[in-house]
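Shown here: upload22.csv, CSV, C-alpha atoms.
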```csv
chain,number,residue,atom,x,y,z
G,186,MET,CA,-3.4,10.8,84.2
G,187,PRO,CA,-5.2,11.5,81.0
G,188,ALA,CA,-5.2,8.9,78.3
G,189,ARG,CA,-2.1,9.3,76.1
G,190,ARG,CA,-2.0,6.4,73.6
G,191,VAL,CA,-5.5,6.0,72.1
G,192,LEU,CA,-6.7,3.5,69.5
G,193,VAL,CA,-9.3,5.0,67.2
G,194,THR,CA,-11.4,2.4,65.3
G,195,GLY,CA,-13.2,3.6,62.2
G,196,SER,CA,-10.4,6.1,61.6
G,197,ALA,CA,-11.3,6.6,58.0
G,198,GLY,CA,-14.7,8.0,58.9
G,199,ALA,CA,-15.7,11.7,58.6
G,200,PHE,CA,-15.8,12.5,62.3
G,201,ALA,CA,-12.7,10.5,62.9
G,202,ALA,CA,-10.9,12.8,60.5
G,203,GLU,CA,-12.1,15.8,62.4
G,204,PHE,CA,-11.0,14.3,65.7
G,205,ARG,CA,-7.6,13.3,64.4
G,206,SER,CA,-6.9,16.9,63.4
G,207,PHE,CA,-8.2,18.2,66.8
G,208,ALA,CA,-6.3,15.6,68.9
G,209,ARG,CA,-3.1,15.1,67.0
G,210,ASP,CA,-1.1,17.0,69.6
G,211,LEU,CA,-3.0,15.6,72.6
G,212,TYR,CA,-2.6,11.9,72.1
G,213,ASP,CA,-0.5,9.3,70.4
G,214,LEU,CA,-3.2,8.1,68.1
G,215,VAL,CA,-3.2,4.5,66.7
G,216,LEU,CA,-5.6,4.4,63.7
G,217,MET,CA,-7.5,1.4,62.4
G,218,ASP,CA,-10.1,0.9,59.8
G,219,LYS,CA,-11.1,-1.8,57.3
G,220,VAL,CA,-10.1,0.6,54.5
G,221,PRO,CA,-7.0,2.9,54.3
G,222,THR,CA,-7.3,6.0,56.4
G,223,PRO,CA,-6.7,9.1,54.2
G,224,GLY,CA,-3.6,11.0,55.1
G,225,ALA,CA,-2.4,8.3,57.5
G,226,PRO,CA,-0.1,5.8,55.7
G,227,LYS,CA,0.8,4.1,58.9
G,228,ALA,CA,-2.8,3.4,59.9
G,229,LEU,CA,-3.7,-0.3,60.3
G,230,VAL,CA,-6.1,-1.8,57.8
G,231,ALA,CA,-8.0,-4.5,59.5
G,232,ASP,CA,-11.6,-5.7,60.1
G,233,LEU,CA,-13.3,-5.3,63.5
G,234,ALA,CA,-14.3,-9.0,63.3
G,235,ASP,CA,-10.6,-9.8,63.5
G,236,LEU,CA,-9.8,-10.1,67.2
G,237,PRO,CA,-6.1,-10.7,66.9
G,238,ALA,CA,-5.7,-7.6,64.7
G,239,LEU,CA,-7.6,-5.6,67.3
G,240,GLN,CA,-5.3,-7.0,70.1
G,241,GLU,CA,-2.3,-5.9,68.0
G,242,ALA,CA,-3.7,-2.4,67.6
G,243,ALA,CA,-4.7,-2.1,71.3
G,244,ALA,CA,-1.4,-3.3,72.8
G,245,GLY,CA,0.1,-0.6,74.9
G,246,CYS,CA,-2.9,1.7,74.5
G,247,ASP,CA,-4.4,3.6,77.5
G,248,ALA,CA,-7.9,4.0,75.8
G,249,ILE,CA,-9.9,3.0,72.8
G,250,LEU,CA,-12.2,5.4,71.0
G,251,HIS,CA,-14.6,3.0,69.2
G,252,LEU,CA,-16.1,4.8,66.2
G,253,GLY,CA,-16.1,1.9,63.8
G,254,ALA,CA,-19.5,0.7,62.7
G,255,ALA,CA,-21.9,0.0,59.9
G,256,ALA,CA,-23.7,3.3,60.5
G,257,TRP,CA,-26.7,3.4,58.2
G,258,ALA,CA,-30.2,2.9,59.4
G,259,ASP,CA,-30.9,0.5,56.5
G,260,SER,CA,-27.7,-1.6,57.0
G,261,ASP,CA,-28.3,-5.3,56.4
G,262,PHE,CA,-28.1,-7.2,59.6
G,263,MET,CA,-26.3,-10.4,58.6
G,264,THR,CA,-23.7,-8.8,56.2
G,265,GLN,CA,-23.0,-5.5,57.9
G,266,VAL,CA,-24.5,-5.0,61.4
G,267,LEU,CA,-23.6,-8.4,62.8
G,268,PRO,CA,-19.9,-8.5,61.8
G,269,ASN,CA,-19.2,-4.8,62.4
G,270,ASN,CA,-21.4,-3.7,65.2
G,271,ILE,CA,-22.1,-6.8,67.2
G,272,VAL,CA,-19.0,-9.0,66.7
G,273,GLY,CA,-16.8,-6.0,66.2
G,274,THR,CA,-17.9,-4.2,69.3
G,275,TYR,CA,-17.5,-7.4,71.4
G,276,ASN,CA,-14.0,-7.7,70.0
G,277,VAL,CA,-13.2,-4.1,70.9
G,278,PHE,CA,-14.1,-4.7,74.5
G,279,GLU,CA,-12.4,-8.1,74.6
G,280,ALA,CA,-9.2,-6.6,73.1
G,281,ALA,CA,-9.3,-3.9,75.8
G,282,ARG,CA,-9.6,-6.6,78.5
G,283,LEU,CA,-6.9,-8.8,77.1
G,284,CYS,CA,-4.5,-5.9,76.5
G,285,GLY,CA,-5.1,-4.1,79.8
G,286,VAL,CA,-6.6,-1.0,78.2
G,287,LYS,CA,-8.2,1.0,81.0
G,288,LYS,CA,-11.0,2.8,79.1
G,289,VAL,CA,-13.3,2.5,76.2
G,290,VAL,CA,-15.3,5.5,74.8
G,291,PHE,CA,-18.1,4.0,72.7
G,292,SER,CA,-20.0,6.0,70.1
G,293,SER,CA,-23.7,5.3,70.5
G,294,THR,CA,-26.5,7.2,68.7
G,295,VAL,CA,-29.4,9.6,69.1
G,296,GLN,CA,-31.5,7.0,67.3
G,297,VAL,CA,-31.9,5.0,70.5
G,298,GLU,CA,-33.8,7.8,72.2
G,299,ALA,CA,-37.5,8.3,72.0
G,300,TRP,CA,-38.7,11.9,72.7
G,301,GLN,CA,-42.2,12.6,73.8
G,302,GLU,CA,-43.8,16.1,73.8
G,303,GLY,CA,-43.7,17.8,77.2
G,304,LYS,CA,-41.2,15.3,78.7
G,305,LEU,CA,-37.5,16.1,79.2
G,306,LEU,CA,-35.5,13.3,77.7
G,307,THR,CA,-32.8,11.6,80.0
G,308,THR,CA,-30.3,8.9,79.2
G,309,ASP,CA,-31.8,6.6,81.9
G,310,ARG,CA,-35.1,6.3,80.0
G,311,PRO,CA,-35.6,2.9,78.3
G,312,PRO,CA,-33.9,3.0,74.8
G,313,ILE,CA,-35.7,2.2,71.6
G,314,ASN,CA,-34.5,0.3,68.6
G,315,PRO,CA,-36.1,1.6,65.4
G,316,ASN,CA,-33.6,-0.2,63.2
G,317,TYR,CA,-30.8,-2.8,63.3
G,318,TYR,CA,-28.2,-0.1,63.7
G,319,ALA,CA,-29.8,1.4,66.8
G,320,ALA,CA,-30.3,-2.1,68.2
G,321,SER,CA,-26.6,-2.7,67.8
G,322,LYS,CA,-25.8,0.5,69.7
G,323,ILE,CA,-28.0,-0.6,72.6
G,324,PHE,CA,-26.1,-3.9,72.6
G,325,GLY,CA,-22.8,-1.9,72.8
G,326,GLU,CA,-24.0,0.1,75.7
G,327,ASN,CA,-25.1,-3.0,77.6
G,328,LEU,CA,-21.9,-4.8,76.7
G,329,GLY,CA,-19.9,-1.9,78.0
G,330,SER,CA,-21.8,-2.1,81.3
G,331,LEU,CA,-21.0,-5.8,81.6
G,332,TYR,CA,-17.3,-5.2,80.9
G,333,SER,CA,-17.2,-2.3,83.4
G,334,ARG,CA,-18.8,-4.4,86.2
G,335,ARG,CA,-17.1,-7.7,85.4
G,336,HIS,CA,-13.6,-6.6,84.3
G,337,GLY,CA,-13.2,-3.1,85.9
G,338,LEU,CA,-13.1,-1.3,82.5
G,339,SER,CA,-14.0,2.4,82.5
G,340,VAL,CA,-16.7,2.7,79.8
G,341,ILE,CA,-18.3,5.9,78.6
G,342,CYS,CA,-21.0,5.7,76.0
G,343,LEU,CA,-21.7,8.9,74.1
G,344,ARG,CA,-25.0,9.2,72.3
G,345,PHE,CA,-23.9,11.2,69.3
G,346,GLY,CA,-26.4,13.6,67.9
G,347,TRP,CA,-26.6,14.6,64.2
G,348,ILE,CA,-23.0,15.7,63.6
G,349,VAL,CA,-23.2,19.0,61.7
G,350,THR,CA,-20.6,21.1,59.8
G,351,GLU,CA,-20.9,24.6,58.5
G,352,ARG,CA,-22.3,23.3,55.2
G,353,ASP,CA,-25.1,21.6,57.0
G,354,LEU,CA,-26.4,24.7,58.8
G,355,PRO,CA,-28.8,26.0,56.2
G,356,ARG,CA,-30.6,22.6,56.0
G,357,LEU,CA,-30.4,22.2,59.8
G,358,ARG,CA,-32.1,25.5,60.5
G,359,SER,CA,-35.0,24.5,58.3
G,360,THR,CA,-36.0,21.7,60.6
G,361,THR,CA,-37.0,22.0,64.3
G,362,ARG,CA,-36.1,18.3,64.8
G,363,GLY,CA,-32.7,18.8,63.3
G,364,LEU,CA,-31.8,21.6,65.8
G,365,ARG,CA,-32.9,19.4,68.6
G,366,ILE,CA,-30.5,16.5,67.7
G,367,ALA,CA,-27.5,18.5,66.5
G,368,VAL,CA,-24.0,18.4,67.7
G,369,THR,CA,-21.2,20.5,66.2
G,370,ILE,CA,-17.8,19.3,65.4
G,371,ARG,CA,-16.3,21.7,68.0
G,372,ASP,CA,-18.7,20.4,70.8
G,373,LEU,CA,-18.2,16.8,69.9
G,374,ASN,CA,-14.4,17.0,69.8
G,375,GLU,CA,-14.4,18.5,73.2
G,376,ILE,CA,-16.9,16.0,74.6
G,377,VAL,CA,-14.9,13.1,73.3
G,378,ARG,CA,-11.6,14.5,74.6
G,379,ARG,CA,-13.0,14.9,78.1
G,380,ALA,CA,-14.5,11.4,78.0
G,381,LEU,CA,-11.0,10.1,77.2
G,382,ASP,CA,-9.4,12.1,79.9
G,383,VAL,CA,-11.8,12.0,82.8
G,384,GLU,CA,-10.9,9.7,85.7
G,385,GLY,CA,-13.0,7.8,88.2
G,386,VAL,CA,-16.0,7.0,86.0
G,387,PRO,CA,-16.7,3.3,86.0
G,388,TYR,CA,-19.6,3.5,83.5
G,389,ALA,CA,-21.7,6.3,82.0
G,390,ILE,CA,-24.1,6.9,79.2
G,391,LEU,CA,-23.9,10.6,78.3
G,392,PRO,CA,-25.8,12.9,75.8
G,393,ALA,CA,-23.5,14.3,73.1
G,394,TYR,CA,-25.4,17.3,71.7
G,395,SER,CA,-25.0,21.0,71.3
G,396,LYS,CA,-27.0,23.7,73.2
G,397,ASN,CA,-30.3,23.5,71.2
G,398,ALA,CA,-30.9,20.0,72.4
G,399,ALA,CA,-31.5,21.3,75.9
G,400,GLN,CA,-35.0,22.2,74.8
G,401,ILE,CA,-36.0,18.5,75.1
G,402,ARG,CA,-32.9,16.8,76.6
G,403,ASP,CA,-31.3,16.9,80.0
G,404,LEU,CA,-27.7,17.8,79.2
G,405,SER,CA,-26.6,18.2,82.9
G,406,PRO,CA,-24.8,14.8,82.9
G,407,LEU,CA,-22.2,16.3,80.6
G,408,LYS,CA,-21.3,19.0,83.1
G,409,GLU,CA,-21.6,16.6,86.1
G,410,THR,CA,-19.5,13.9,84.6
G,411,LEU,CA,-17.2,15.7,82.2
G,412,GLY,CA,-17.2,19.3,83.4
G,413,TYR,CA,-18.4,20.5,80.0
G,414,GLU,CA,-21.3,22.5,78.8
G,415,PRO,CA,-22.0,22.7,75.0
G,416,GLN,CA,-20.8,25.9,73.4
G,417,ASP,CA,-22.6,26.0,70.1
```

Please rewrite the model in this file as C-alpha cells.
Amino acid sequence: MPARRVLVTGSAGAFAAEFRSFARDLYDLVLMDKVPTPGAPKALVADLADLPALQEAAAGCDAILHLGAAAWADSDFMTQVLPNNIVGTYNVFEAARLCGVKKVVFSSTVQVEAWQEGKLLTTDRPPINPNYYAASKIFGENLGSLYSRRHGLSVICLRFGWIVTERDLPRLRSTTRGLRIAVTIRDLNEIVRRALDVEGVPYAILPAYSKNAAQIRDLSPLKETLGYEPQD
C-alpha cells in the first residue's frame, strides 16, 4: 500500500509548501519545522535536534519526507550544520526506527556530484563534498544505507537539482550549467510522490532532475526504480 500518513520535516520551506499543495489530497500530512509553517496552524514547531519531539511527530506515520536542513553552502558547521543536518538527520532515522515507520525519503543534493566533460554522471560514482552542507548530505545518504541494512528501513535518497519556478526560467536559460542541474516543481513533486509510494526498494540513491540534465546525467534509475521519466 502507498504511504498514507507522512511526516514532512522542514515543512516551512519553499519546496515543502509546493509539495503540501500538491499532496494534500494524497496523504495525511504531519508537518514539523523549527519555525511556524505558514498556513498550517496545527503544524508542530520543534527542532530536529529534539529526538522526543520527532518521535511524537513520527508516531503512527507510514513514511517520513525529510526536507529539514541548514541548506546553505556557507552554513556554519558547529551552529547550523551539526545540530540540523547531522544530529537532526540521525534523529529522523532513529525516530523512524523507534516508531516503526517503514520508509524515509531523504532530500540530498546536486552539490555532492562532480561532473567531468565527456563522462555520463551516475549516482554510483564517488560523491564529493565541496562544503559542509554537501558533506552532511553524504552523511545522510550513508546513514540511510546503514538503517536500511541494519533495521530494514526502506530509504530513498533523492539528489535534488536546482529547484526552479517560472520566475527562475529567464536566469536559468542564460546558464548552460543551470539547465544541466535544474528540476521543476512539477517533476520534483512527482518524483517525491513516487518515492513515497514505491514498494520493495530497500535502499536507493536517485537523481532528481528534469529532462535537460540527461545531457550529462544518467536519469534511467528514475524510470527503473520509480517508473517515472521527467516531463519538463

Answer as a list in words, residues within 10 Å of (-26.2, -4.6, 70.1) using all atoms listed in the file: Val266, Leu267, Asn270, Ile271, Val272, Thr274, Tyr275, Asn314, Tyr317, Tyr318, Ala319, Ala320, Ser321, Lys322, Ile323, Phe324, Gly325, Glu326, Asn327 and Leu328 of chain G

Only C-alpha atoms, please: the residues just picked out, written as a short mmCIF file (atom, residue, chain, number, x, y, z; two decimals), in the coordinates of the input.
```cif
data_model
loop_
_atom_site.label_atom_id
_atom_site.label_comp_id
_atom_site.auth_asym_id
_atom_site.auth_seq_id
_atom_site.Cartn_x
_atom_site.Cartn_y
_atom_site.Cartn_z
CA VAL G 266 -24.50 -5.00 61.40
CA LEU G 267 -23.60 -8.40 62.80
CA ASN G 270 -21.40 -3.70 65.20
CA ILE G 271 -22.10 -6.80 67.20
CA VAL G 272 -19.00 -9.00 66.70
CA THR G 274 -17.90 -4.20 69.30
CA TYR G 275 -17.50 -7.40 71.40
CA ASN G 314 -34.50 0.30 68.60
CA TYR G 317 -30.80 -2.80 63.30
CA TYR G 318 -28.20 -0.10 63.70
CA ALA G 319 -29.80 1.40 66.80
CA ALA G 320 -30.30 -2.10 68.20
CA SER G 321 -26.60 -2.70 67.80
CA LYS G 322 -25.80 0.50 69.70
CA ILE G 323 -28.00 -0.60 72.60
CA PHE G 324 -26.10 -3.90 72.60
CA GLY G 325 -22.80 -1.90 72.80
CA GLU G 326 -24.00 0.10 75.70
CA ASN G 327 -25.10 -3.00 77.60
CA LEU G 328 -21.90 -4.80 76.70
#
```

Where does stretch 241-336 of chain G meet stretch 196-212 of chain G within 12 Å, residue by residue, with the nearest atom pair and distance in Å to one decimal for each, counting all atoms listed in the file, listed by chain and rising number, as a tab-separated table?
```
residue	atom	partner	partner_atom	distance
G:Cys246	CA	G:Tyr212	CA	10.5
G:Asp247	CA	G:Tyr212	CA	10.1
G:Ala248	CA	G:Tyr212	CA	10.2
G:Ile249	CA	G:Tyr212	CA	11.5
G:Leu250	CA	G:Ala201	CA	9.6
G:His251	CA	G:Ser196	CA	9.2
G:Leu252	CA	G:Ala201	CA	7.4
G:Gly253	CA	G:Ser196	CA	7.4
G:Ala254	CA	G:Gly198	CA	9.5
G:Ala255	CA	G:Gly198	CA	10.8
G:Ala256	CA	G:Gly198	CA	10.3
G:Ser292	CA	G:Phe200	CA	11.0
```

Contact residues around G:Val295 with all atoms listed in the file at 9 Å, ignoring same-chain residues under 3 positions, as a ChimeraX atom specification: /G:298-299,319,344-347,366,392-393

Let me see the file: selected residues, C-alpha atoms, as a PDB file, in the frame of the given file.
```
ATOM      1  CA  GLU G 298     -33.800   7.800  72.200  1.00  0.00           C
ATOM      2  CA  ALA G 299     -37.500   8.300  72.000  1.00  0.00           C
ATOM      3  CA  ALA G 319     -29.800   1.400  66.800  1.00  0.00           C
ATOM      4  CA  ARG G 344     -25.000   9.200  72.300  1.00  0.00           C
ATOM      5  CA  PHE G 345     -23.900  11.200  69.300  1.00  0.00           C
ATOM      6  CA  GLY G 346     -26.400  13.600  67.900  1.00  0.00           C
ATOM      7  CA  TRP G 347     -26.600  14.600  64.200  1.00  0.00           C
ATOM      8  CA  ILE G 366     -30.500  16.500  67.700  1.00  0.00           C
ATOM      9  CA  PRO G 392     -25.800  12.900  75.800  1.00  0.00           C
ATOM     10  CA  ALA G 393     -23.500  14.300  73.100  1.00  0.00           C
TER      11      ALA G 393
END
```

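For the choices G:Phe291, G:Asp417, G:Glu279, G:Arg365, the atom-to-atom distance to G:Glu351 is smallest for G:Asp417 when using all atoms listed in the file.
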
Point-to-point distance from atom CA of G:Arg356 to atom CA of G:Asp372, Å rounded to tenths: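 About the pair atom CA of G:Arg356 and atom CA of G:Asp372: they are 19.1 Å apart.
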
Interatomic distance, atom CA of G:Leu331 to atom CA of G:Ala398 (Å, one decimal):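 Computing the Euclidean distance for atom CA of G:Leu331 and atom CA of G:Ala398 yields 29.1 Å.
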
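With all atoms listed in the file as the basis for measurement, G:Val289 is the residue among G:Val289, G:Asn269, G:Thr264, G:Ala234 that approaches G:Leu192 most closely.
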
Because some atoms of stretch 309-320 of chain G are absent here, can you restore all heavy atoms and send them as a PDB file, in the coordinates of the input?
```
ATOM      1  N   ASP G 309     -31.431   7.812  81.163  1.00  0.00           N
ATOM      2  CA  ASP G 309     -31.800   6.600  81.900  1.00  0.00           C
ATOM      3  C   ASP G 309     -33.229   6.131  81.520  1.00  0.00           C
ATOM      4  O   ASP G 309     -33.720   5.143  82.074  1.00  0.00           O
ATOM      5  CB  ASP G 309     -31.795   6.895  83.430  1.00  0.00           C
ATOM      6  CG  ASP G 309     -32.690   8.049  83.870  1.00  0.00           C
ATOM      7  OD1 ASP G 309     -33.356   8.661  83.001  1.00  0.00           O
ATOM      8  OD2 ASP G 309     -32.708   8.351  85.070  1.00  0.00           O
ATOM      9  N   ARG G 310     -33.869   6.794  80.548  1.00  0.00           N
ATOM     10  CA  ARG G 310     -35.100   6.300  80.000  1.00  0.00           C
ATOM     11  C   ARG G 310     -34.870   5.078  79.148  1.00  0.00           C
ATOM     12  O   ARG G 310     -33.819   4.978  78.507  1.00  0.00           O
ATOM     13  CB  ARG G 310     -35.867   7.371  79.251  1.00  0.00           C
ATOM     14  CG  ARG G 310     -36.464   8.443  80.153  1.00  0.00           C
ATOM     15  CD  ARG G 310     -37.127   9.532  79.359  1.00  0.00           C
ATOM     16  NE  ARG G 310     -38.206   9.026  78.514  1.00  0.00           N
ATOM     17  CZ  ARG G 310     -38.898   9.801  77.674  1.00  0.00           C
ATOM     18  NH1 ARG G 310     -38.592  11.085  77.559  1.00  0.00           N
ATOM     19  NH2 ARG G 310     -39.862   9.282  76.943  1.00  0.00           N
ATOM     20  N   PRO G 311     -35.795   4.114  79.092  1.00  0.00           N
ATOM     21  CA  PRO G 311     -35.600   2.900  78.300  1.00  0.00           C
ATOM     22  C   PRO G 311     -35.286   3.291  76.820  1.00  0.00           C
ATOM     23  O   PRO G 311     -35.994   4.111  76.229  1.00  0.00           O
ATOM     24  CB  PRO G 311     -36.898   2.151  78.398  1.00  0.00           C
ATOM     25  CG  PRO G 311     -37.478   2.619  79.685  1.00  0.00           C
ATOM     26  CD  PRO G 311     -37.085   4.061  79.812  1.00  0.00           C
ATOM     27  N   PRO G 312     -34.239   2.706  76.228  1.00  0.00           N
ATOM     28  CA  PRO G 312     -33.900   3.000  74.800  1.00  0.00           C
ATOM     29  C   PRO G 312     -34.890   2.345  73.877  1.00  0.00           C
ATOM     30  O   PRO G 312     -35.643   1.442  74.256  1.00  0.00           O
ATOM     31  CB  PRO G 312     -32.511   2.426  74.670  1.00  0.00           C
ATOM     32  CG  PRO G 312     -32.464   1.295  75.636  1.00  0.00           C
ATOM     33  CD  PRO G 312     -33.302   1.743  76.816  1.00  0.00           C
ATOM     34  N   ILE G 313     -34.880   2.801  72.634  1.00  0.00           N
ATOM     35  CA  ILE G 313     -35.700   2.200  71.600  1.00  0.00           C
ATOM     36  C   ILE G 313     -34.750   1.674  70.495  1.00  0.00           C
ATOM     37  O   ILE G 313     -33.588   2.060  70.424  1.00  0.00           O
ATOM     38  CB  ILE G 313     -36.708   3.171  70.988  1.00  0.00           C
ATOM     39  CG1 ILE G 313     -35.962   4.368  70.348  1.00  0.00           C
ATOM     40  CG2 ILE G 313     -37.689   3.639  72.028  1.00  0.00           C
ATOM     41  CD1 ILE G 313     -36.856   5.236  69.501  1.00  0.00           C
ATOM     42  N   ASN G 314     -35.272   0.791  69.653  1.00  0.00           N
ATOM     43  CA  ASN G 314     -34.500   0.300  68.600  1.00  0.00           C
ATOM     44  C   ASN G 314     -35.251   0.329  67.258  1.00  0.00           C
ATOM     45  O   ASN G 314     -35.826  -0.683  66.837  1.00  0.00           O
ATOM     46  CB  ASN G 314     -33.938  -1.129  68.846  1.00  0.00           C
ATOM     47  CG  ASN G 314     -35.017  -2.052  69.366  1.00  0.00           C
ATOM     48  OD1 ASN G 314     -36.176  -1.671  69.507  1.00  0.00           O
ATOM     49  ND2 ASN G 314     -34.650  -3.281  69.627  1.00  0.00           N
ATOM     50  N   PRO G 315     -35.282   1.484  66.592  1.00  0.00           N
ATOM     51  CA  PRO G 315     -36.100   1.600  65.400  1.00  0.00           C
ATOM     52  C   PRO G 315     -35.475   0.911  64.166  1.00  0.00           C
ATOM     53  O   PRO G 315     -36.136   0.793  63.140  1.00  0.00           O
ATOM     54  CB  PRO G 315     -36.094   3.147  65.146  1.00  0.00           C
ATOM     55  CG  PRO G 315     -34.821   3.618  65.773  1.00  0.00           C
ATOM     56  CD  PRO G 315     -34.630   2.742  66.968  1.00  0.00           C
ATOM     57  N   ASN G 316     -34.247   0.464  64.275  1.00  0.00           N
ATOM     58  CA  ASN G 316     -33.600  -0.200  63.200  1.00  0.00           C
ATOM     59  C   ASN G 316     -32.466  -1.093  63.733  1.00  0.00           C
ATOM     60  O   ASN G 316     -32.143  -1.023  64.919  1.00  0.00           O
ATOM     61  CB  ASN G 316     -33.080   0.750  62.114  1.00  0.00           C
ATOM     62  CG  ASN G 316     -32.252   1.862  62.735  1.00  0.00           C
ATOM     63  OD1 ASN G 316     -31.260   1.607  63.416  1.00  0.00           O
ATOM     64  ND2 ASN G 316     -32.644   3.113  62.518  1.00  0.00           N
ATOM     65  N   TYR G 317     -31.848  -1.914  62.881  1.00  0.00           N
ATOM     66  CA  TYR G 317     -30.800  -2.800  63.300  1.00  0.00           C
ATOM     67  C   TYR G 317     -29.579  -2.013  63.860  1.00  0.00           C
ATOM     68  O   TYR G 317     -28.915  -2.439  64.809  1.00  0.00           O
ATOM     69  CB  TYR G 317     -30.330  -3.711  62.196  1.00  0.00           C
ATOM     70  CG  TYR G 317     -31.357  -4.726  61.760  1.00  0.00           C
ATOM     71  CD1 TYR G 317     -31.632  -4.920  60.416  1.00  0.00           C
ATOM     72  CD2 TYR G 317     -32.045  -5.509  62.690  1.00  0.00           C
ATOM     73  CE1 TYR G 317     -32.563  -5.861  60.001  1.00  0.00           C
ATOM     74  CE2 TYR G 317     -32.977  -6.443  62.285  1.00  0.00           C
ATOM     75  CZ  TYR G 317     -33.238  -6.612  60.930  1.00  0.00           C
ATOM     76  OH  TYR G 317     -34.157  -7.546  60.532  1.00  0.00           O
ATOM     77  N   TYR G 318     -29.290  -0.884  63.228  1.00  0.00           N
ATOM     78  CA  TYR G 318     -28.200  -0.100  63.700  1.00  0.00           C
ATOM     79  C   TYR G 318     -28.358   0.398  65.107  1.00  0.00           C
ATOM     80  O   TYR G 318     -27.470   0.252  65.957  1.00  0.00           O
ATOM     81  CB  TYR G 318     -27.992   1.134  62.731  1.00  0.00           C
ATOM     82  CG  TYR G 318     -27.055   2.195  63.236  1.00  0.00           C
ATOM     83  CD1 TYR G 318     -25.700   1.926  63.411  1.00  0.00           C
ATOM     84  CD2 TYR G 318     -27.518   3.475  63.546  1.00  0.00           C
ATOM     85  CE1 TYR G 318     -24.823   2.902  63.880  1.00  0.00           C
ATOM     86  CE2 TYR G 318     -26.664   4.453  64.003  1.00  0.00           C
ATOM     87  CZ  TYR G 318     -25.317   4.168  64.168  1.00  0.00           C
ATOM     88  OH  TYR G 318     -24.462   5.131  64.633  1.00  0.00           O
ATOM     89  N   ALA G 319     -29.526   0.960  65.408  1.00  0.00           N
ATOM     90  CA  ALA G 319     -29.800   1.400  66.800  1.00  0.00           C
ATOM     91  C   ALA G 319     -29.785   0.257  67.753  1.00  0.00           C
ATOM     92  O   ALA G 319     -29.259   0.381  68.872  1.00  0.00           O
ATOM     93  CB  ALA G 319     -31.156   2.133  66.811  1.00  0.00           C
ATOM     94  N   ALA G 320     -30.346  -0.886  67.346  1.00  0.00           N
ATOM     95  CA  ALA G 320     -30.300  -2.100  68.200  1.00  0.00           C
ATOM     96  C   ALA G 320     -28.900  -2.474  68.551  1.00  0.00           C
ATOM     97  O   ALA G 320     -28.598  -2.875  69.678  1.00  0.00           O
ATOM     98  CB  ALA G 320     -31.076  -3.214  67.563  1.00  0.00           C
TER      99      ALA G 320
END
```
